[in-house]
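This is my_file_22.txt. It holds compact mmCIF, C-alpha atoms.
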```
# COMPACT_ATOMS: atom_id res chain seq x y z
CA MET Z 174 -3.98 17.92 -29.02
CA PRO Z 175 -1.41 16.25 -26.75
CA THR Z 176 2.12 16.39 -28.11
CA HIS Z 177 3.66 13.35 -26.40
CA PRO Z 178 5.06 10.91 -29.01
CA ASN Z 179 2.65 8.18 -27.90
CA PHE Z 180 -0.27 10.28 -29.04
CA ARG Z 181 0.87 10.39 -32.63
CA VAL Z 182 -1.75 8.69 -34.70
CA ASP Z 183 0.69 6.76 -36.85
CA ARG Z 184 4.43 7.07 -36.59
CA THR Z 185 4.90 5.30 -39.87
CA GLU Z 186 2.22 7.18 -41.77
CA GLY Z 187 2.39 6.50 -45.46
CA THR Z 188 4.84 3.64 -45.23
CA GLY Z 189 2.24 0.91 -45.05
CA ALA Z 190 4.02 -0.62 -42.06
CA MET Z 191 1.94 -2.37 -39.43
CA ASN Z 192 2.37 0.36 -36.87
CA THR Z 193 -0.98 2.11 -36.89
CA PRO Z 194 -2.84 2.41 -33.58
CA SER Z 195 -5.35 -0.17 -34.70
CA ALA Z 196 -2.50 -2.61 -35.29
CA ARG Z 197 -0.74 -1.92 -31.98
CA SER Z 198 -1.55 -4.19 -29.12
CA ILE Z 199 -0.65 -5.26 -25.65
CA TYR Z 200 -1.69 -8.85 -25.03
CA VAL Z 201 -1.89 -9.87 -21.38
CA ALA Z 202 -0.81 -13.49 -21.29
CA ARG Z 203 -2.20 -15.65 -18.49
CA SER Z 204 0.03 -18.66 -19.08
CA LEU Z 205 3.54 -19.29 -20.30
CA PRO Z 206 2.45 -21.33 -23.35
CA ALA Z 207 0.07 -18.50 -24.31
CA ALA Z 208 2.86 -15.94 -23.97
CA ILE Z 209 5.29 -17.97 -26.05
CA ASP Z 210 2.69 -18.65 -28.73
CA ALA Z 211 1.86 -14.95 -28.91
CA LEU Z 212 5.52 -13.95 -29.16
CA ASP Z 213 6.10 -16.56 -31.83
CA GLU Z 214 3.15 -15.29 -33.84
CA CYS Z 215 4.22 -11.65 -33.51
CA GLY Z 216 7.72 -12.42 -34.74
CA PRO Z 217 10.05 -9.43 -34.96
CA ALA Z 218 7.08 -7.09 -34.46
CA GLY Z 219 6.54 -8.33 -30.92
CA ALA Z 220 8.39 -8.20 -27.63
CA PRO Z 221 7.80 -9.34 -24.06
CA PHE Z 222 6.63 -6.71 -21.59
CA ALA Z 223 7.48 -7.47 -17.98
CA GLY Z 224 7.65 -4.44 -15.66
CA GLY Z 225 8.00 -2.14 -18.63
CA THR Z 226 10.24 0.37 -16.87
CA TRP Z 227 12.71 0.31 -19.78
CA ILE Z 228 10.17 -0.08 -22.56
CA MET Z 229 8.03 2.83 -21.39
CA ARG Z 230 11.07 5.11 -21.57
CA SER Z 231 11.53 4.40 -25.27
CA PRO Z 232 10.20 7.83 -26.31
CA ILE Z 233 12.80 9.72 -24.29
CA ARG Z 234 15.50 7.55 -25.83
CA HIS Z 235 13.99 8.43 -29.23
CA GLU Z 236 13.30 4.79 -29.94
CA PRO Z 237 10.04 3.56 -31.45
CA HIS Z 238 7.81 1.18 -29.59
CA GLN Z 239 7.30 -2.32 -30.90
CA PRO Z 240 3.90 -2.70 -32.56
CA HIS Z 241 2.97 -5.58 -30.23
CA TYR Z 242 3.80 -6.39 -26.67
CA VAL Z 243 3.06 -9.56 -24.75
CA ALA Z 244 2.64 -8.72 -21.06
CA ILE Z 245 3.99 -11.52 -18.87
CA GLY Z 246 3.52 -10.00 -15.41
CA LYS Z 247 0.36 -11.98 -14.68
CA ILE Z 248 1.84 -15.43 -15.34
CA ALA Z 249 2.04 -17.24 -12.01
CA GLU Z 250 5.10 -19.35 -12.77
CA LEU Z 251 7.05 -16.29 -13.89
CA THR Z 252 6.36 -14.41 -10.65
CA ALA Z 253 7.32 -17.31 -8.39
CA ILE Z 254 10.45 -17.67 -6.30
CA ARG Z 255 11.42 -21.16 -5.14
CA ILE Z 256 13.98 -21.53 -2.38
CA ASP Z 257 15.32 -25.05 -1.85
CA ALA Z 258 18.31 -26.39 0.05
CA ASP Z 259 20.51 -26.53 -3.05
CA VAL Z 260 19.05 -23.99 -5.41
CA VAL Z 261 17.00 -20.82 -5.69
CA GLU Z 262 14.84 -20.35 -8.77
CA ILE Z 263 13.49 -16.92 -9.65
CA GLY Z 264 10.79 -16.32 -12.23
CA ALA Z 265 11.65 -13.72 -14.86
CA ALA Z 266 8.74 -11.47 -13.91
CA VAL Z 267 9.62 -11.30 -10.23
CA THR Z 268 9.85 -7.66 -9.24
CA TYR Z 269 12.86 -6.17 -7.51
CA ALA Z 270 10.77 -5.53 -4.42
CA ALA Z 271 9.54 -9.12 -4.24
CA LEU Z 272 13.04 -10.46 -4.80
CA ALA Z 273 14.59 -8.29 -2.09
CA SER Z 274 11.87 -9.34 0.33
CA ALA Z 275 12.24 -13.06 -0.45
CA LEU Z 276 16.00 -13.02 0.04
CA ALA Z 277 16.07 -10.75 3.08
CA ASP Z 278 16.80 -13.59 5.51
CA LEU Z 279 19.34 -15.45 3.38
CA PRO Z 280 22.78 -13.93 4.07
CA GLU Z 281 24.44 -15.84 1.21
CA PHE Z 282 22.27 -13.77 -1.13
CA ASN Z 283 22.99 -10.39 0.44
CA VAL Z 284 24.49 -9.30 -2.88
CA LEU Z 285 21.25 -9.88 -4.76
CA ALA Z 286 18.95 -8.66 -1.99
CA THR Z 287 20.92 -5.41 -1.89
CA ALA Z 288 21.00 -5.08 -5.66
CA ALA Z 289 17.25 -5.53 -5.88
CA GLY Z 290 16.41 -3.64 -2.72
CA ARG Z 291 18.49 -0.51 -3.26
CA SER Z 292 18.05 0.03 -6.96
CA ALA Z 293 16.06 3.02 -8.23
CA ASN Z 294 13.19 3.93 -5.87
CA PRO Z 295 10.30 2.13 -4.15
CA ALA Z 296 7.77 2.59 -6.96
CA VAL Z 297 10.20 1.44 -9.67
CA ARG Z 298 11.22 -1.55 -7.54
CA ALA Z 299 7.57 -2.55 -7.37
CA MET Z 300 7.42 -2.64 -11.19
CA ALA Z 301 10.88 -3.50 -12.55
CA THR Z 302 11.60 -7.19 -12.93
CA VAL Z 303 14.76 -9.21 -12.68
CA GLY Z 304 14.14 -10.80 -16.08
CA GLY Z 305 13.60 -7.43 -17.69
CA ASN Z 306 16.81 -6.20 -16.09
CA LEU Z 307 18.77 -9.08 -17.56
CA ALA Z 308 17.19 -9.03 -20.98
CA THR Z 309 17.72 -5.33 -21.65
CA SER Z 310 20.92 -5.05 -23.66
CA GLY Z 311 20.98 -1.27 -23.56
CA PHE Z 312 20.78 -0.90 -19.80
CA ALA Z 313 24.37 -0.64 -18.60
CA ALA Z 314 23.53 0.33 -15.00
CA ALA Z 315 21.40 -2.73 -14.21
CA ASP Z 316 22.06 -3.69 -10.60
CA CYS Z 317 20.98 -7.31 -10.80
CA VAL Z 318 23.38 -8.25 -13.60
CA PRO Z 319 26.68 -8.04 -11.68
CA ALA Z 320 24.99 -9.47 -8.59
CA LEU Z 321 23.84 -12.52 -10.55
CA LEU Z 322 27.18 -12.87 -12.32
CA CYS Z 323 28.96 -13.39 -9.04
CA LEU Z 324 26.34 -15.95 -7.98
CA ASP Z 325 27.04 -18.21 -11.00
CA ALA Z 326 23.50 -17.70 -12.27
CA GLU Z 327 22.03 -19.80 -15.05
CA ILE Z 328 19.32 -18.49 -17.34
CA GLU Z 329 16.43 -20.55 -18.64
CA ILE Z 330 15.12 -19.55 -22.07
CA SER Z 331 11.83 -20.97 -23.28
CA SER Z 332 10.35 -21.14 -26.74
CA ARG Z 333 7.73 -23.23 -28.51
CA GLY Z 334 8.62 -26.82 -27.72
CA ASP Z 335 12.02 -26.01 -26.29
CA GLN Z 336 13.67 -24.94 -23.07
CA VAL Z 337 17.39 -24.40 -22.61
CA ARG Z 338 19.64 -23.30 -19.80
CA ILE Z 339 22.75 -21.28 -20.33
CA GLY Z 340 25.20 -19.48 -18.10
CA LEU Z 341 24.54 -15.81 -17.51
CA GLU Z 342 27.82 -14.74 -19.10
CA HIS Z 343 26.86 -16.51 -22.30
CA PHE Z 344 23.36 -15.05 -22.15
CA LEU Z 345 24.78 -11.53 -21.93
CA LYS Z 346 26.71 -12.16 -25.15
CA ILE Z 347 23.74 -13.53 -27.11
CA ARG Z 348 20.91 -11.40 -25.72
CA PRO Z 349 21.13 -8.68 -28.41
CA THR Z 350 20.40 -11.33 -31.04
CA LEU Z 351 17.88 -13.48 -29.18
CA GLU Z 352 15.38 -14.63 -31.78
CA PRO Z 353 11.73 -13.56 -31.54
CA GLY Z 354 9.59 -16.12 -29.76
CA ARG Z 355 12.29 -16.94 -27.19
CA LEU Z 356 11.61 -15.76 -23.67
CA LEU Z 357 13.81 -15.57 -20.60
CA THR Z 358 11.70 -17.45 -18.06
CA ARG Z 359 13.82 -18.26 -15.02
CA ILE Z 360 17.05 -17.49 -13.24
CA ILE Z 361 18.60 -20.43 -11.39
CA LEU Z 362 21.08 -19.88 -8.58
CA PRO Z 363 23.10 -22.67 -6.98
CA ARG Z 364 23.43 -22.30 -3.23
CA SER Z 365 26.71 -22.46 -1.38
CA ASP Z 366 28.37 -21.24 1.76
CA ARG Z 367 29.69 -17.81 0.82
CA LYS Z 368 29.84 -14.22 1.90
CA THR Z 369 28.43 -11.78 -0.59
CA ALA Z 370 28.02 -8.04 -0.91
CA HIS Z 371 26.90 -5.42 -3.43
CA ALA Z 372 28.45 -1.95 -3.41
CA ARG Z 373 26.90 0.67 -5.66
CA LEU Z 374 27.67 4.35 -5.98
CA PRO Z 375 24.71 6.48 -7.04
CA LEU Z 376 25.10 10.20 -7.68
CA ARG Z 377 22.86 10.95 -4.71
CA LYS Z 378 22.20 8.83 -1.64
CA SER Z 379 19.51 6.88 -3.43
CA GLY Z 380 17.19 6.96 -6.39
CA ASP Z 381 19.82 7.39 -9.10
CA TYR Z 382 21.51 5.11 -11.58
CA PRO Z 383 24.82 4.00 -10.06
CA ALA Z 384 28.10 5.37 -11.37
CA ALA Z 385 29.68 1.97 -10.74
CA ILE Z 386 28.80 -1.32 -9.08
CA VAL Z 387 30.97 -3.98 -7.50
CA SER Z 388 29.32 -7.26 -6.54
CA LEU Z 389 31.24 -10.01 -4.88
CA ALA Z 390 30.80 -13.53 -3.57
CA LEU Z 391 33.60 -15.17 -1.61
CA SER Z 392 34.06 -18.52 0.04
CA PHE Z 393 36.71 -19.16 2.66
CA ASP Z 394 38.74 -22.14 3.80
CA ALA Z 395 39.23 -23.26 7.41
CA ALA Z 396 42.13 -20.84 7.79
CA ALA Z 397 39.92 -17.92 6.71
CA ARG Z 398 41.70 -17.55 3.39
CA VAL Z 399 39.71 -16.78 0.27
CA GLN Z 400 39.06 -20.12 -1.40
CA ALA Z 401 36.93 -18.96 -4.32
CA ALA Z 402 36.13 -15.44 -5.47
CA ARG Z 403 33.55 -14.08 -7.86
CA ILE Z 404 33.72 -10.35 -8.44
CA ALA Z 405 31.59 -8.57 -11.00
CA VAL Z 406 31.61 -4.94 -12.11
CA GLY Z 407 28.55 -3.18 -13.46
CA SER Z 408 27.67 0.23 -14.87
CA VAL Z 409 31.30 1.06 -15.70
CA GLU Z 410 31.25 -0.55 -19.14
CA PRO Z 411 28.21 -1.08 -21.38
CA VAL Z 412 27.85 -4.68 -20.15
CA ALA Z 413 28.63 -5.97 -16.66
CA ARG Z 414 31.41 -8.54 -16.40
CA ARG Z 415 33.57 -10.49 -14.04
CA TRP Z 416 36.84 -9.03 -12.75
CA GLU Z 417 38.84 -12.22 -13.05
CA ARG Z 418 42.26 -10.73 -12.43
CA LEU Z 419 41.11 -9.31 -9.11
CA GLU Z 420 39.46 -12.62 -8.25
CA ALA Z 421 42.76 -14.43 -8.83
CA ALA Z 422 44.66 -11.86 -6.78
CA LEU Z 423 42.42 -12.39 -3.74
CA VAL Z 424 42.38 -16.19 -3.73
CA GLY Z 425 44.65 -17.87 -1.23
CA ARG Z 426 44.93 -15.05 1.24
CA PRO Z 427 42.81 -13.61 4.03
CA LEU Z 428 40.45 -10.88 2.94
CA ASP Z 429 41.74 -7.45 3.87
CA PRO Z 430 39.47 -4.73 2.44
CA ALA Z 431 42.23 -2.11 2.31
CA GLN Z 432 44.61 -4.50 0.59
CA ALA Z 433 41.90 -5.58 -1.82
CA ALA Z 434 41.34 -1.93 -2.70
CA GLU Z 435 45.06 -1.45 -3.38
CA VAL Z 436 45.11 -4.43 -5.71
CA ALA Z 437 41.97 -3.15 -7.38
CA ALA Z 438 43.63 0.22 -7.95
CA GLU Z 439 46.49 -1.52 -9.77
CA LEU Z 440 44.13 -3.56 -11.92
CA ALA Z 441 41.39 -1.02 -12.58
CA ARG Z 442 42.88 0.25 -15.82
CA GLU Z 443 41.70 -2.91 -17.57
CA PHE Z 444 38.25 -1.28 -17.61
CA THR Z 445 37.19 1.12 -20.34
CA GLY Z 446 34.60 3.33 -18.70
CA ARG Z 447 31.56 4.58 -20.59
CA ASP Z 448 30.88 8.27 -21.02
CA SER Z 449 27.37 9.49 -20.33
CA VAL Z 450 25.59 12.76 -19.76
CA GLU Z 451 25.79 12.38 -15.99
CA LEU Z 452 29.36 11.11 -15.62
CA PRO Z 453 32.65 10.88 -17.51
CA ALA Z 454 34.22 7.52 -18.18
CA TRP Z 455 37.31 8.10 -16.04
CA TYR Z 456 35.22 8.71 -12.93
CA ARG Z 457 33.42 5.39 -13.19
CA VAL Z 458 36.76 3.54 -13.28
CA SER Z 459 38.33 5.68 -10.56
CA VAL Z 460 35.77 4.71 -7.92
CA LEU Z 461 36.23 0.96 -8.38
CA PRO Z 462 38.91 0.53 -5.69
CA SER Z 463 36.69 2.27 -3.12
CA LEU Z 464 33.75 0.10 -4.07
CA VAL Z 465 35.89 -3.01 -3.77
CA ARG Z 466 36.86 -1.93 -0.28
CA ARG Z 467 33.22 -1.24 0.64
CA ALA Z 468 32.05 -4.56 -0.75
CA ALA Z 469 34.82 -6.50 1.00
CA THR Z 470 34.05 -4.74 4.28
CA ALA Z 471 30.35 -5.49 3.90
CA ALA Z 472 31.05 -9.14 3.08
CA LEU Z 473 33.19 -9.57 6.17
CA GLY Z 474 30.38 -8.14 8.23
CA THR Z 475 27.92 -10.87 7.15
CA MET S 65 -9.85 -0.38 -29.19
CA VAL S 66 -11.59 1.07 -26.13
CA LEU S 67 -9.74 1.09 -22.84
CA ASN S 68 -12.00 0.84 -19.82
CA LEU S 69 -10.51 2.18 -16.62
CA THR S 70 -11.82 2.69 -13.10
CA VAL S 71 -10.55 6.03 -11.85
CA ASN S 72 -11.49 7.53 -8.49
CA GLY S 73 -14.41 5.15 -8.31
CA ASP S 74 -15.77 6.08 -11.76
CA ARG S 75 -15.79 3.92 -14.88
CA ARG S 76 -14.09 5.85 -17.68
CA SER S 77 -13.31 5.02 -21.28
CA SER S 78 -10.51 6.07 -23.57
CA LEU S 79 -9.63 5.47 -27.20
CA ALA S 80 -5.94 6.01 -26.55
CA ASP S 81 -3.29 3.71 -27.97
CA PRO S 82 -2.84 0.83 -25.51
CA ILE S 83 0.83 1.77 -24.92
CA THR S 84 -0.07 5.36 -23.99
CA PRO S 85 1.28 6.16 -20.54
CA LEU S 86 -1.51 6.23 -17.98
CA VAL S 87 -0.52 9.79 -16.95
CA ASP S 88 -1.42 11.05 -20.41
CA VAL S 89 -4.78 9.29 -20.46
CA LEU S 90 -5.59 10.64 -17.00
CA ARG S 91 -4.70 14.20 -17.96
CA GLU S 92 -5.72 14.47 -21.59
CA ASP S 93 -8.76 12.20 -21.74
CA PHE S 94 -10.12 12.46 -18.21
CA HIS S 95 -8.86 15.97 -17.37
CA LEU S 96 -7.38 14.81 -14.08
CA THR S 97 -4.36 17.05 -14.17
CA GLY S 98 -3.04 16.43 -10.67
CA ALA S 99 -0.53 13.79 -11.81
CA LYS S 100 2.21 15.56 -13.73
CA PRO S 101 4.40 14.17 -16.53
CA VAL S 102 7.81 15.60 -15.67
CA CYS S 103 10.78 13.25 -16.06
CA ARG S 104 8.80 10.52 -17.84
CA GLU S 105 11.27 7.94 -16.60
CA GLY S 106 10.16 7.10 -13.09
CA PHE S 107 12.65 9.24 -11.20
CA CYS S 108 10.69 12.25 -10.00
CA GLY S 109 7.39 10.83 -8.75
CA ALA S 110 5.31 13.79 -9.95
CA CYS S 111 3.05 11.37 -11.82
CA MET S 112 2.41 9.06 -8.86
CA VAL S 113 -1.07 7.57 -8.55
CA LEU S 114 -2.44 4.62 -6.63
CA VAL S 115 -3.10 1.47 -8.64
CA ASP S 116 -4.81 -1.24 -6.63
CA GLY S 117 -3.76 0.57 -3.48
CA ALA S 118 -0.04 0.81 -4.27
CA PRO S 119 1.90 3.85 -5.51
CA ALA S 120 2.53 3.54 -9.23
CA LEU S 121 4.44 5.79 -11.60
CA SER S 122 1.77 6.53 -14.15
CA CYS S 123 4.37 7.64 -16.69
CA LEU S 124 5.60 4.05 -16.83
CA VAL S 125 2.26 2.22 -16.80
CA PRO S 126 0.72 1.63 -20.23
CA ALA S 127 -2.97 2.44 -20.07
CA ALA S 128 -3.88 -1.04 -21.32
CA LEU S 129 -2.30 -2.61 -18.26
CA ALA S 130 -4.31 -0.35 -15.97
CA GLU S 131 -7.59 -1.93 -17.07
CA ASN S 132 -9.24 -4.02 -14.34
CA CYS S 133 -7.35 -1.99 -11.71
CA GLU S 134 -8.59 0.49 -9.15
CA ILE S 135 -6.85 3.76 -9.92
CA PHE S 136 -6.86 6.71 -7.55
CA THR S 137 -5.37 10.05 -8.40
CA VAL S 138 -4.78 12.92 -5.98
CA GLU S 139 -8.17 14.29 -6.99
CA GLY S 140 -9.87 11.19 -5.63
CA LEU S 141 -8.31 11.07 -2.19
CA ALA S 142 -10.40 13.68 -0.36
CA VAL S 143 -13.91 12.50 0.42
CA ASP S 144 -16.75 14.99 -0.13
CA GLY S 145 -14.27 17.85 -0.12
CA THR S 146 -12.81 17.02 3.29
CA LEU S 147 -9.03 17.03 3.16
CA THR S 148 -7.28 13.84 4.19
CA PRO S 149 -4.99 13.91 7.24
CA ILE S 150 -1.87 14.28 5.11
CA GLN S 151 -3.42 17.02 3.00
CA THR S 152 -4.48 18.82 6.19
CA ALA S 153 -1.02 18.46 7.67
CA LEU S 154 0.73 19.71 4.53
CA GLU S 155 -1.50 22.77 4.54
CA ALA S 156 -0.94 23.35 8.26
CA CYS S 157 2.84 23.14 7.80
CA ASP S 158 2.71 25.55 4.85
CA ALA S 159 4.69 22.94 2.96
CA VAL S 160 3.63 23.67 -0.62
CA GLN S 161 5.63 26.01 -2.84
CA CYS S 162 5.23 25.67 -6.59
CA GLY S 163 3.00 22.64 -6.21
CA MET S 164 4.49 20.63 -9.06
CA CYS S 165 5.57 17.68 -6.93
CA PHE S 166 2.75 17.75 -4.43
CA PRO S 167 0.17 15.52 -6.03
CA GLY S 168 2.83 12.82 -6.20
CA MET S 169 3.97 13.55 -2.66
CA VAL S 170 0.39 13.33 -1.36
CA VAL S 171 -0.19 9.99 -3.09
CA THR S 172 3.04 8.49 -1.79
CA LEU S 173 2.47 9.79 1.73
CA THR S 174 -1.15 8.60 1.70
CA HIS S 175 0.14 5.10 1.03
CA VAL S 176 2.86 5.32 3.69
CA LEU S 177 0.36 6.37 6.34
CA MET S 178 -1.97 3.54 5.36
CA GLU S 179 0.75 0.91 5.45
CA LYS S 180 2.69 2.24 8.43
CA PRO S 181 0.45 4.21 10.77
CA GLY S 182 3.40 4.65 13.13
CA ALA S 183 5.85 5.65 10.39
CA THR S 184 9.10 7.18 11.60
CA ARG S 185 11.10 9.98 10.02
CA ASP S 186 13.33 7.38 8.37
CA ASP S 187 10.33 5.45 7.04
CA ILE S 188 8.93 8.63 5.51
CA ARG S 189 12.24 9.67 4.00
CA ALA S 190 12.75 6.21 2.52
CA ALA S 191 9.25 6.22 1.07
CA LEU S 192 9.88 9.61 -0.54
CA THR S 193 13.02 8.40 -2.33
CA GLY S 194 11.12 8.52 -5.59
CA ASN S 195 9.50 11.92 -5.09
CA ILE S 196 11.71 14.84 -5.99
CA CYS S 197 11.03 18.43 -4.90
CA ARG S 198 13.08 21.31 -6.23
CA CYS S 199 11.57 23.99 -4.00
CA THR S 200 11.15 22.98 -0.41
CA GLY S 201 14.19 21.02 0.73
CA TYR S 202 11.72 18.35 1.94
CA GLU S 203 11.79 19.19 5.64
CA ARG S 204 8.30 20.69 5.88
CA ILE S 205 6.95 17.78 3.86
CA VAL S 206 8.51 15.30 6.29
CA GLU S 207 7.31 17.34 9.27
CA ALA S 208 3.80 17.37 7.86
CA ALA S 209 3.89 13.62 7.45
CA LEU S 210 5.03 13.20 11.04
CA LEU S 211 2.26 15.54 12.13
CA ALA S 212 -0.26 13.36 10.30
CA VAL S 213 1.19 10.26 11.97
CA ALA S 214 0.90 11.87 15.39
CA ALA S 215 -2.68 12.91 14.72
CA LYS S 216 -3.80 9.30 14.12
```

Just dump the structure as structure tokens.
Amino acid sequence: MPTHPNFRVDRTEGTGAMNTPSARSIYVARSLPAAIDALDECGPAGAPFAGGTWIMRSPIRHEPHQPHYVAIGKIAELTAIRIDADVVEIGAAVTYAALASALADLPEFNVLATAAGRSANPAVRAMATVGGNLATSGFAAADCVPALLCLDAEIEISSRGDQVRIGLEHFLKIRPTLEPGRLLTRIILPRSDRKTAHARLPLRKSGDYPAAIVSLALSFDAAARVQAARIAVGSVEPVARRWERLEAALVGRPLDPAQAAEVAAELAREFTGRDSVELPAWYRVSVLPSLVRRAATAALGT
Amino acid sequence: MVLNLTVNGDRRSSLADPITPLVDVLREDFHLTGAKPVCREGFCGACMVLVDGAPALSCLVPAALAENCEIFTVEGLAVDGTLTPIQTALEACDAVQCGMCFPGMVVTLTHVLMEKPGATRDDIRAALTGNICRCTGYERIVEAALLAVAAK
């Protein structure tokens, strides 16, 4: 008899909970209203299933599966990317691979194309979705989160009879407590003239979770001085965030990668790195100045 | 609930829980033990199969979402016992050691050669990002792939 946790007949045997195999389900939604209705009906026992690359690793994290999943990967509007003159809209179920491909010829989105195109490995990129990446509170190393933070992303959340848009920073704060029946449906990115870059440091050349990520988006004035800066750090702390003190330090002067790295070295101690089995906390913080230099160099090259 | 899957051209059925990883259904229900559950988190590629023609990590695909898909495992690639070009090349290059990673390698490389008949060394190395080998150091695998490309 197979011993993998998913083959257990009933993890909650004897408790009466609705977690028996006959009660478990994966519903493949074909439309957004159908998905939202299903999630609403499932309540706390249900969850959306996009690419599933996080959900399917629940057993190795020793976490139970939800009894019911609503698969959203076949919903056309959630897998669409719309590129207009002023805005880019990305459906929540767009895969990393599709996103990287769609943005490949838009230099202002180099940061996001790199984040999506260099994360994990080819097979994972063909499954993992940008919405899943954003919605997963426990995934500290998510590449798309810092990339989207520096692009001033807005998040659309849909529920029965309601649709709201909130800033990504706010979404990151509320996502652990998002009520059942509410689904992240779109990511909206304003367009502007900027240079962007995404610097990630995996343990090996590719295929690994990054030790640290620096994403940046910079606009320049006519004298080539930094006019506006958005710099986000991922994978160092449990949740990605903006590096506002570094942003302020770069504004008003020309971008010099070496100088930016020096400033970053002075400011890096504001971060409290996270310990993990693969890396100690201090290392994640220590590489930030180098990543700032790499990202600044890459941005200047675009 | 019965899961109906099409595997290597055959219609198969399983009573597994819908969230069961496809690799476990393939191995335990259908006795197709080529795909190997190793890392179970999508890093190593030992579980790679083709789903609708594209490489898929069967440890991360719930069996229920593999219904209505064409699934090919390493066992289904050779036709009437004739090795495919990449299988032939890997044998000719004496590339296999313990064999743990090779079903996944063969599936990934089969896809690369279909999509990029003129694949370069860099193309092959990039495609193998998600296939880890602890024995060979990869060079004979890459050489075999290049040999298969040249033979086309």

Legend entry - Close residues, Pro383 (chain Z) itself excluded, 12 Å, all atoms listed in the file, min 3 positions apart in chain, as a PyMOL selection string: chain Z and resi 288+291-293+312-317+371-380+386-387+406-409+449+451-452+456-457+460-461+464

Output of the above residues as a short mmCIF file (atom, residue, chain, number, x, y, z; two decimals), in the coordinates of the input, restricted to C-alpha atoms:
```
data_model
loop_
_atom_site.label_atom_id
_atom_site.label_comp_id
_atom_site.auth_asym_id
_atom_site.auth_seq_id
_atom_site.Cartn_x
_atom_site.Cartn_y
_atom_site.Cartn_z
CA ALA Z 288 21.00 -5.08 -5.66
CA ARG Z 291 18.49 -0.51 -3.26
CA SER Z 292 18.05 0.03 -6.96
CA ALA Z 293 16.06 3.02 -8.23
CA PHE Z 312 20.78 -0.90 -19.80
CA ALA Z 313 24.37 -0.64 -18.60
CA ALA Z 314 23.53 0.33 -15.00
CA ALA Z 315 21.40 -2.73 -14.21
CA ASP Z 316 22.06 -3.69 -10.60
CA CYS Z 317 20.98 -7.31 -10.80
CA HIS Z 371 26.90 -5.42 -3.43
CA ALA Z 372 28.45 -1.95 -3.41
CA ARG Z 373 26.90 0.67 -5.66
CA LEU Z 374 27.67 4.35 -5.98
CA PRO Z 375 24.71 6.48 -7.04
CA LEU Z 376 25.10 10.20 -7.68
CA ARG Z 377 22.86 10.95 -4.71
CA LYS Z 378 22.20 8.83 -1.64
CA SER Z 379 19.51 6.88 -3.43
CA GLY Z 380 17.19 6.96 -6.39
CA ILE Z 386 28.80 -1.32 -9.08
CA VAL Z 387 30.97 -3.98 -7.50
CA VAL Z 406 31.61 -4.94 -12.11
CA GLY Z 407 28.55 -3.18 -13.46
CA SER Z 408 27.67 0.23 -14.87
CA VAL Z 409 31.30 1.06 -15.70
CA SER Z 449 27.37 9.49 -20.33
CA GLU Z 451 25.79 12.38 -15.99
CA LEU Z 452 29.36 11.11 -15.62
CA TYR Z 456 35.22 8.71 -12.93
CA ARG Z 457 33.42 5.39 -13.19
CA VAL Z 460 35.77 4.71 -7.92
CA LEU Z 461 36.23 0.96 -8.38
CA LEU Z 464 33.75 0.10 -4.07
#
```

Inset, instruction - Identify every residue of chain Z that has at least one atom within 7 Å of any atom of chain S, counting all atoms listed in the file, and report the result as a PyMOL selection string. - result: chain Z and resi 175+179+194+198-199+225-226+229-230+294-297+379-380

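Ranking S:Leu69, S:Ala212, S:Glu203, S:Leu147 by their shortest atom-to-atom distance to Met178 (chain S), with all atoms listed in the file included, puts S:Ala212 first.
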
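Using all atoms listed in the file, the nearest neighbour of Glu439 (chain Z) within the list Z:Ser459, Z:Leu391, Z:Gly340, Z:Gly425 is Z:Ser459.
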
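Separating CA of Ala471 (chain Z) from CA of Pro430 (chain Z) is a distance of 9.3 Å.
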
Inset, instruction - For CA of Thr475 (chain Z) and CA of Lys368 (chain Z), quote the distance in Å rounded to one decimal. - result: 6.5 Å

Inset, instruction - For each of Z:Ile360, Z:Val458, Z:Leu341, Z:Ile209, take the minimum atom-to-atom distance to Ile254 (chain Z), counting all atoms listed in the file, then give the residue where this is smallest. - result: Z:Ile360

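Each of Z:Leu205, Z:Ala308, Z:Leu351, Z:Ala301 was compared to Pro217 (chain Z) using all atoms listed in the file, and Z:Leu351 turns out to be the nearest.
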
Legend entry - Exercise: residues within 8 Å of coordinate (39.7, 1.3, -3.7), counting all atoms listed in the file, as number ranges by chain: Z: 431, 433-435, 437-438, 460-466

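All residues that come within 12 Å of the coordinates (-13.4, 9.1, -13.6), counting all atoms listed in the file, are given as Asn68, Leu69, Thr70, Val71, Asn72, Gly73, Asp74, Arg75, Arg76, Ser77, Ser78, Val89, Leu90, Arg91, Asp93, Phe94, His95, Leu96, Glu134, Ile135, Phe136, Thr137, Glu139 and Gly140 of chain S.
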
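Among the candidate residues S:Ile188, S:His175, S:Val138, S:Gln161, the one lying nearest to Asp116 (chain S) is S:His175, with distances computed using only C-alpha atoms.
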
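In this model, the gap between CA of Val424 (chain Z) and CA of Val318 (chain Z) comes to 22.8 Å.
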